[in-house]
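Below is the file data_36.cif, which contains mmCIF, C-alpha atoms.
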data_my_file
#
loop_
_atom_site.label_atom_id
_atom_site.label_comp_id
_atom_site.auth_asym_id
_atom_site.auth_seq_id
_atom_site.Cartn_x
_atom_site.Cartn_y
_atom_site.Cartn_z
CA VAL A 13 -2.15 13.21 -2.27
CA ASN A 14 -5.47 14.79 -1.32
CA ASP A 15 -7.13 13.57 -4.54
CA PHE A 16 -5.81 9.99 -4.37
CA ILE A 17 -9.05 8.84 -2.72
CA VAL A 18 -12.59 10.12 -3.13
CA HIS A 19 -13.66 12.03 -0.02
CA GLN A 20 -16.22 14.57 1.18
CA GLY A 21 -14.17 17.48 -0.09
CA ASN A 22 -13.70 16.31 -3.69
CA TYR A 23 -16.46 13.91 -4.72
CA GLU A 24 -18.64 16.63 -6.31
CA HIS A 25 -15.69 18.00 -8.30
CA PHE A 26 -14.91 14.57 -9.74
CA GLY A 27 -18.44 14.18 -11.06
CA LYS A 28 -18.38 17.28 -13.28
CA GLY A 29 -17.14 18.27 -16.71
CA GLU A 30 -15.25 16.28 -19.29
CA ASP A 31 -13.07 14.82 -16.55
CA ALA A 32 -16.11 13.29 -14.85
CA ASN A 33 -15.23 10.38 -12.65
CA ARG A 34 -17.77 7.72 -11.69
CA THR A 35 -18.51 9.60 -8.48
CA ASP A 36 -21.44 11.74 -9.57
CA ILE A 37 -24.05 9.59 -7.82
CA ILE A 38 -22.60 9.18 -4.33
CA ARG A 39 -25.77 8.67 -2.28
CA HIS A 40 -24.15 8.95 1.13
CA PRO A 41 -21.21 11.38 0.91
CA GLU A 42 -21.21 11.57 4.71
CA ASP A 43 -19.82 8.00 4.69
CA LEU A 44 -16.78 9.11 2.69
CA PRO A 45 -13.61 10.09 4.57
CA PHE A 46 -13.50 13.78 5.45
CA ASP A 47 -10.37 14.39 3.37
CA GLY A 48 -7.73 12.40 1.57
CA GLU A 49 -4.50 13.70 3.02
CA ASN A 50 -5.31 13.08 6.69
CA THR A 51 -6.90 9.71 5.90
CA LEU A 52 -3.77 8.51 4.11
CA GLN A 53 -1.38 10.00 6.69
CA GLN A 54 -3.08 8.00 9.45
CA MET A 55 -2.01 4.80 7.74
CA LYS A 56 1.44 3.47 8.54
CA TRP A 57 2.94 2.65 5.15
CA GLY A 58 6.63 1.96 5.89
CA LYS A 59 8.08 -0.74 3.62
CA CYS A 60 5.53 -2.02 1.11
CA ALA A 61 5.12 -5.38 -0.65
CA VAL A 62 2.68 -5.69 -3.56
CA VAL A 63 1.52 -9.27 -4.11
CA GLY A 64 -0.44 -10.45 -7.13
CA ASN A 65 -2.04 -13.81 -7.74
CA SER A 66 0.05 -15.24 -10.56
CA GLY A 67 0.60 -18.98 -10.61
CA ILE A 68 4.35 -18.33 -10.70
CA LEU A 69 4.11 -17.63 -6.96
CA LYS A 70 3.53 -21.36 -6.43
CA LEU A 71 7.16 -21.87 -7.43
CA THR A 72 8.51 -19.44 -4.83
CA GLU A 73 8.77 -19.10 -1.08
CA PHE A 74 8.72 -15.38 -0.33
CA ALA A 75 6.55 -15.62 2.78
CA ARG A 76 9.13 -14.35 5.25
CA SER A 77 10.14 -11.46 3.00
CA ILE A 78 6.55 -10.44 2.24
CA ASP A 79 5.42 -10.64 5.86
CA SER A 80 8.39 -8.52 6.99
CA HIS A 81 6.93 -5.45 5.26
CA THR A 82 4.87 -2.86 7.14
CA THR A 83 2.30 -2.72 4.34
CA VAL A 84 1.28 -5.76 2.30
CA LEU A 85 -1.02 -4.93 -0.60
CA ARG A 86 -2.66 -7.91 -2.29
CA LEU A 87 -4.37 -7.55 -5.65
CA ASN A 88 -7.99 -8.59 -6.01
CA MET A 89 -8.52 -12.03 -4.49
CA ALA A 90 -4.84 -13.03 -4.20
CA PRO A 91 -5.13 -15.89 -1.72
CA THR A 92 -3.10 -16.51 1.40
CA MET A 93 -5.01 -19.48 2.81
CA GLY A 94 -3.31 -22.63 1.62
CA TYR A 95 -0.41 -20.62 0.19
CA SER A 96 0.94 -18.81 3.25
CA ARG A 97 4.17 -20.81 3.17
CA ARG A 98 4.85 -19.32 -0.26
CA VAL A 99 3.22 -15.88 -0.16
CA GLY A 100 2.93 -15.11 3.55
CA HIS A 101 -0.19 -14.50 5.54
CA LYS A 102 0.00 -10.77 6.24
CA THR A 103 -2.39 -8.50 4.36
CA THR A 104 -2.96 -4.89 5.29
CA HIS A 105 -4.60 -3.73 2.04
CA ARG A 106 -6.52 -5.29 -0.83
CA LEU A 107 -6.84 -3.45 -4.13
CA LEU A 108 -10.06 -4.52 -5.86
CA ASN A 109 -10.83 -3.69 -9.48
CA ARG A 110 -14.41 -3.34 -10.71
CA LEU A 111 -14.94 -7.06 -11.34
CA TRP A 112 -13.75 -8.06 -7.87
CA THR A 113 -15.65 -5.20 -6.23
CA ARG A 114 -18.82 -6.70 -7.71
CA THR A 115 -17.79 -10.27 -6.91
CA TYR A 116 -17.08 -9.54 -3.25
CA ARG A 117 -20.37 -7.69 -2.88
CA ASN A 118 -22.70 -9.82 -4.98
CA GLY A 119 -21.21 -13.12 -3.88
CA ARG A 120 -21.26 -12.01 -0.25
CA GLY A 121 -17.66 -13.12 0.07
CA ILE A 122 -18.08 -16.41 -1.79
CA LYS A 123 -17.39 -17.32 -5.43
CA GLY A 124 -18.63 -20.76 -6.33
CA LYS A 125 -17.49 -22.89 -3.41
CA GLN A 126 -14.47 -20.72 -2.69
CA ILE A 127 -14.51 -18.26 0.21
CA LEU A 128 -12.93 -15.01 -0.92
CA PRO A 129 -10.13 -13.78 1.32
CA MET A 130 -10.64 -10.74 3.52
CA GLU A 131 -8.29 -10.39 6.41
CA LEU A 132 -9.04 -8.88 9.81
CA ASP A 133 -8.74 -5.07 9.87
CA ALA A 134 -7.91 -4.89 6.15
CA GLN A 135 -8.09 -1.69 4.13
CA VAL A 136 -9.95 -2.27 0.86
CA LEU A 137 -9.05 0.08 -1.98
CA VAL A 138 -11.75 0.08 -4.66
CA SER A 139 -10.49 0.99 -8.13
CA ARG A 140 -12.29 1.61 -11.43
CA ALA A 141 -15.74 0.81 -10.02
CA THR A 142 -18.81 2.99 -10.23
CA SER A 143 -19.92 4.94 -7.20
CA GLN A 144 -22.89 2.59 -6.82
CA GLU A 145 -20.61 -0.47 -6.82
CA TYR A 146 -18.36 1.19 -4.26
CA GLU A 147 -21.29 2.10 -2.01
CA LEU A 148 -22.78 -1.39 -2.19
CA LEU A 149 -19.44 -2.90 -1.17
CA TYR A 150 -19.00 -0.29 1.57
CA GLU A 151 -22.48 -1.05 2.96
CA TYR A 152 -21.85 -4.80 2.78
CA PHE A 153 -18.62 -4.59 4.77
CA ARG A 154 -20.10 -2.10 7.22
CA GLU A 155 -22.87 -4.62 7.92
CA VAL A 156 -20.94 -7.90 8.06
CA ARG A 157 -17.30 -6.87 8.61
CA PRO A 158 -17.09 -3.50 10.37
CA ASP A 159 -13.35 -4.09 10.93
CA VAL A 160 -12.75 -3.66 7.18
CA ASN A 161 -12.27 -0.09 5.97
CA VAL A 162 -13.29 0.58 2.35
CA LEU A 163 -11.81 3.51 0.40
CA TYR A 164 -12.74 4.59 -3.12
CA LEU A 165 -9.70 5.44 -5.26
CA SER A 166 -9.95 8.38 -7.61
CA SER A 167 -9.34 7.55 -11.26
CA ARG A 168 -7.41 10.81 -11.50
CA ALA A 169 -4.79 10.08 -8.88
#
How does this structure look as structure tokens?
Amino acid sequence: VNDFIVHQGNYEHFGKGEDANRTDIIRHPEDLPFDGENTLQQMKWGKCAVVGNSGILKLTEFARSIDSHTTVLRLNMAPTMGYSRRVGHKTTHRLLNRLWTRTYRNGRGIKGKQILPMELDAQVLVSRATSQEYELLYEYFREVRPDVNVLYLSSRA
């Protein structure tokens, strides 16, 4: 559990040897969580719903079931606005891959004319991005959305 996220106690280890993660250039390790285990234990996981963004969801109405979960993890930019009747409105976590980490940061929350979803007090879990991409996203949210907490997932979890 302690190595699930990159934190102050493990980021240097992940950047070394043949198992090197993309964490070898963390510029501000003081911004990382102190450790992984306590950080994750502070979160209330309970029952968990994982919601993607497949078009098949347009044919369903799982809103009540999804919203009844303690934790609702949405993948990348899985929308709720305009679809809440079908997919619910609750989002506690967003898992962003490298592409969406860049898109959220570089587009400043907008892609084309579409505003990318980011719910109040969400936890953002950054996966498969470089340390620079993670830090840019972290700095962006710290500046414009301090309610959003950004964690960097270890590729070795």
Taking all atoms listed in the file into account, which of A:Leu71, A:Val63, A:Leu165, A:Leu132 comes nearest Asn88 of chain A?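 Of A:Leu71, A:Val63, A:Leu165, A:Leu132, the one nearest Asn88 of chain A is A:Val63, counting all atoms listed in the file.
Each of A:Asn109, A:Gln53, A:Ser80, A:Gln135 was checked against Pro158 of chain A using all atoms listed in the file; the smallest atom-to-atom distance is that of A:Gln135.
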If the PyMOL selection byres ((chain A and resi 143-153) around 12) is run on the structure shown, which residues does it catch, given as number ranges by chain? A: 18-19, 23-24, 26-27, 32-44, 108-121, 130-142, 154-167
For atom CA of His105 of chain A and atom CA of Gln20 of chain A, determine how far apart the two atoms are, in Å to one decimal place. 21.7 Å
To verify the selection step, state as a list in words which residues the PyMOL selection byres ((chain A and resi 82) around 10) yields on this input.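 Checking the PyMOL selection byres ((chain A and resi 82) around 10) against this file, the residues are Lys56, Trp57, Gly58, Lys59, Cys60, Ala61, Ile78, Asp79, Ser80, His81, Thr83, Val84, Leu85, Lys102, Thr103 and Thr104 of chain A.
Straight-line separation from atom CA of Gly48 of chain A to atom CA of Phe16 of chain A: 6.7 Å.
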Test item: axis-aligned box, all listed atoms of segment 92-107 of chain A, 5 Å on each side, centre and edges in Å rounded to one decimal, as JSON:
{"center_x": -1.0, "center_y": -13.0, "center_z": 1.1, "size_x": 21.7, "size_y": 29.2, "size_z": 20.4}
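Taking atom CA of Arg106 of chain A and atom CA of Pro91 of chain A as endpoints, the distance between them is 10.7 Å.
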Restricting the calculation to all atoms listed in the file, which member of A:Ile17, A:Val62, A:Leu52, A:Ala75 is positioned closest to Gly100 of chain A?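 For Gly100 of chain A, the nearest of the given residues is A:Ala75.
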Find the residues with any atom within 8 Å of (2.6, -18.0, -1.0); use all atoms listed in the file and the coordinates as given in the file, and write the answer as a short mmCIF file (atom, residue, chain, number, x, y, z; two decimals) with C-alpha atoms, in the frame of the given file.
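Output contents, as saved in result_13.cif:
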data_model
loop_
_atom_site.label_atom_id
_atom_site.label_comp_id
_atom_site.auth_asym_id
_atom_site.auth_seq_id
_atom_site.Cartn_x
_atom_site.Cartn_y
_atom_site.Cartn_z
CA LEU A 69 4.11 -17.63 -6.96
CA LYS A 70 3.53 -21.36 -6.43
CA THR A 72 8.51 -19.44 -4.83
CA GLU A 73 8.77 -19.10 -1.08
CA PHE A 74 8.72 -15.38 -0.33
CA ALA A 75 6.55 -15.62 2.78
CA THR A 92 -3.10 -16.51 1.40
CA GLY A 94 -3.31 -22.63 1.62
CA TYR A 95 -0.41 -20.62 0.19
CA SER A 96 0.94 -18.81 3.25
CA ARG A 97 4.17 -20.81 3.17
CA ARG A 98 4.85 -19.32 -0.26
CA VAL A 99 3.22 -15.88 -0.16
CA GLY A 100 2.93 -15.11 3.55
CA HIS A 101 -0.19 -14.50 5.54
#
Please, could N, CA and C atoms be added to segment 131-167 of chain A and the result written as a compact mmCIF listing (two decimals), in the frame of the given file?
# COMPACT_ATOMS: atom_id res chain seq x y z
N GLU A 131 -8.98 -10.29 5.14
CA GLU A 131 -8.29 -10.39 6.41
C GLU A 131 -8.83 -9.40 7.44
N LEU A 132 -8.62 -9.72 8.70
CA LEU A 132 -9.04 -8.88 9.81
C LEU A 132 -8.40 -7.49 9.70
N ASP A 133 -9.20 -6.47 9.87
CA ASP A 133 -8.74 -5.07 9.87
C ASP A 133 -8.12 -4.62 8.55
N ALA A 134 -8.47 -5.25 7.45
CA ALA A 134 -7.91 -4.89 6.15
C ALA A 134 -8.46 -3.55 5.67
N GLN A 135 -7.66 -2.88 4.86
CA GLN A 135 -8.09 -1.69 4.13
C GLN A 135 -8.39 -2.16 2.71
N VAL A 136 -9.59 -1.90 2.22
CA VAL A 136 -9.95 -2.27 0.86
C VAL A 136 -9.92 -1.01 0.01
N LEU A 137 -9.15 -1.04 -1.06
CA LEU A 137 -9.05 0.08 -1.98
C LEU A 137 -9.80 -0.30 -3.25
N VAL A 138 -10.90 0.38 -3.51
CA VAL A 138 -11.75 0.08 -4.66
C VAL A 138 -11.29 0.94 -5.83
N SER A 139 -11.00 0.30 -6.96
CA SER A 139 -10.49 0.99 -8.13
C SER A 139 -11.35 0.70 -9.35
N ARG A 140 -11.62 1.73 -10.14
CA ARG A 140 -12.29 1.61 -11.43
C ARG A 140 -13.73 1.11 -11.33
N ALA A 141 -14.34 1.21 -10.19
CA ALA A 141 -15.74 0.81 -10.02
C ALA A 141 -16.61 2.06 -10.06
N THR A 142 -17.89 1.86 -10.28
CA THR A 142 -18.81 2.99 -10.23
C THR A 142 -19.07 3.35 -8.77
N SER A 143 -19.62 4.53 -8.57
CA SER A 143 -19.92 4.94 -7.20
C SER A 143 -20.94 4.01 -6.57
N GLN A 144 -21.89 3.51 -7.36
CA GLN A 144 -22.89 2.59 -6.82
C GLN A 144 -22.23 1.28 -6.38
N GLU A 145 -21.31 0.76 -7.19
CA GLU A 145 -20.61 -0.47 -6.82
C GLU A 145 -19.79 -0.27 -5.55
N TYR A 146 -19.12 0.88 -5.47
CA TYR A 146 -18.36 1.19 -4.26
C TYR A 146 -19.28 1.23 -3.04
N GLU A 147 -20.39 1.95 -3.16
CA GLU A 147 -21.29 2.10 -2.01
C GLU A 147 -21.90 0.76 -1.58
N LEU A 148 -22.24 -0.08 -2.54
CA LEU A 148 -22.78 -1.39 -2.19
C LEU A 148 -21.74 -2.23 -1.43
N LEU A 149 -20.50 -2.17 -1.88
CA LEU A 149 -19.44 -2.90 -1.17
C LEU A 149 -19.21 -2.30 0.21
N TYR A 150 -19.19 -0.98 0.28
CA TYR A 150 -19.00 -0.29 1.57
C TYR A 150 -20.10 -0.71 2.56
N GLU A 151 -21.35 -0.68 2.09
CA GLU A 151 -22.48 -1.05 2.96
C GLU A 151 -22.40 -2.52 3.38
N TYR A 152 -21.99 -3.38 2.47
CA TYR A 152 -21.85 -4.80 2.78
C TYR A 152 -20.83 -5.01 3.90
N PHE A 153 -19.65 -4.42 3.74
CA PHE A 153 -18.62 -4.59 4.77
C PHE A 153 -19.01 -3.92 6.08
N ARG A 154 -19.66 -2.78 6.00
CA ARG A 154 -20.10 -2.10 7.22
C ARG A 154 -21.05 -3.00 8.01
N GLU A 155 -21.88 -3.74 7.29
CA GLU A 155 -22.87 -4.62 7.92
C GLU A 155 -22.25 -5.91 8.46
N VAL A 156 -21.43 -6.58 7.66
CA VAL A 156 -20.94 -7.90 8.06
C VAL A 156 -19.49 -7.92 8.55
N ARG A 157 -18.71 -6.92 8.21
CA ARG A 157 -17.30 -6.87 8.61
C ARG A 157 -16.91 -5.43 8.94
N PRO A 158 -17.39 -4.90 10.04
CA PRO A 158 -17.09 -3.50 10.37
C PRO A 158 -15.60 -3.24 10.62
N ASP A 159 -14.80 -4.28 10.76
CA ASP A 159 -13.35 -4.09 10.93
C ASP A 159 -12.67 -3.71 9.63
N VAL A 160 -13.33 -3.94 8.49
CA VAL A 160 -12.75 -3.66 7.18
C VAL A 160 -13.10 -2.23 6.77
N ASN A 161 -12.08 -1.47 6.41
CA ASN A 161 -12.27 -0.09 5.97
C ASN A 161 -12.21 -0.05 4.45
N VAL A 162 -13.22 0.54 3.81
CA VAL A 162 -13.29 0.58 2.35
C VAL A 162 -13.08 2.01 1.87
N LEU A 163 -12.09 2.20 0.99
CA LEU A 163 -11.81 3.51 0.40
C LEU A 163 -12.00 3.42 -1.10
N TYR A 164 -12.46 4.51 -1.69
CA TYR A 164 -12.74 4.59 -3.12
C TYR A 164 -11.62 5.39 -3.77
N LEU A 165 -10.81 4.75 -4.60
CA LEU A 165 -9.70 5.44 -5.26
C LEU A 165 -10.22 6.32 -6.38
N SER A 166 -9.62 7.48 -6.52
CA SER A 166 -9.95 8.38 -7.61
C SER A 166 -9.27 7.87 -8.88
N SER A 167 -9.96 7.96 -9.99
CA SER A 167 -9.34 7.55 -11.26
C SER A 167 -8.37 8.61 -11.75
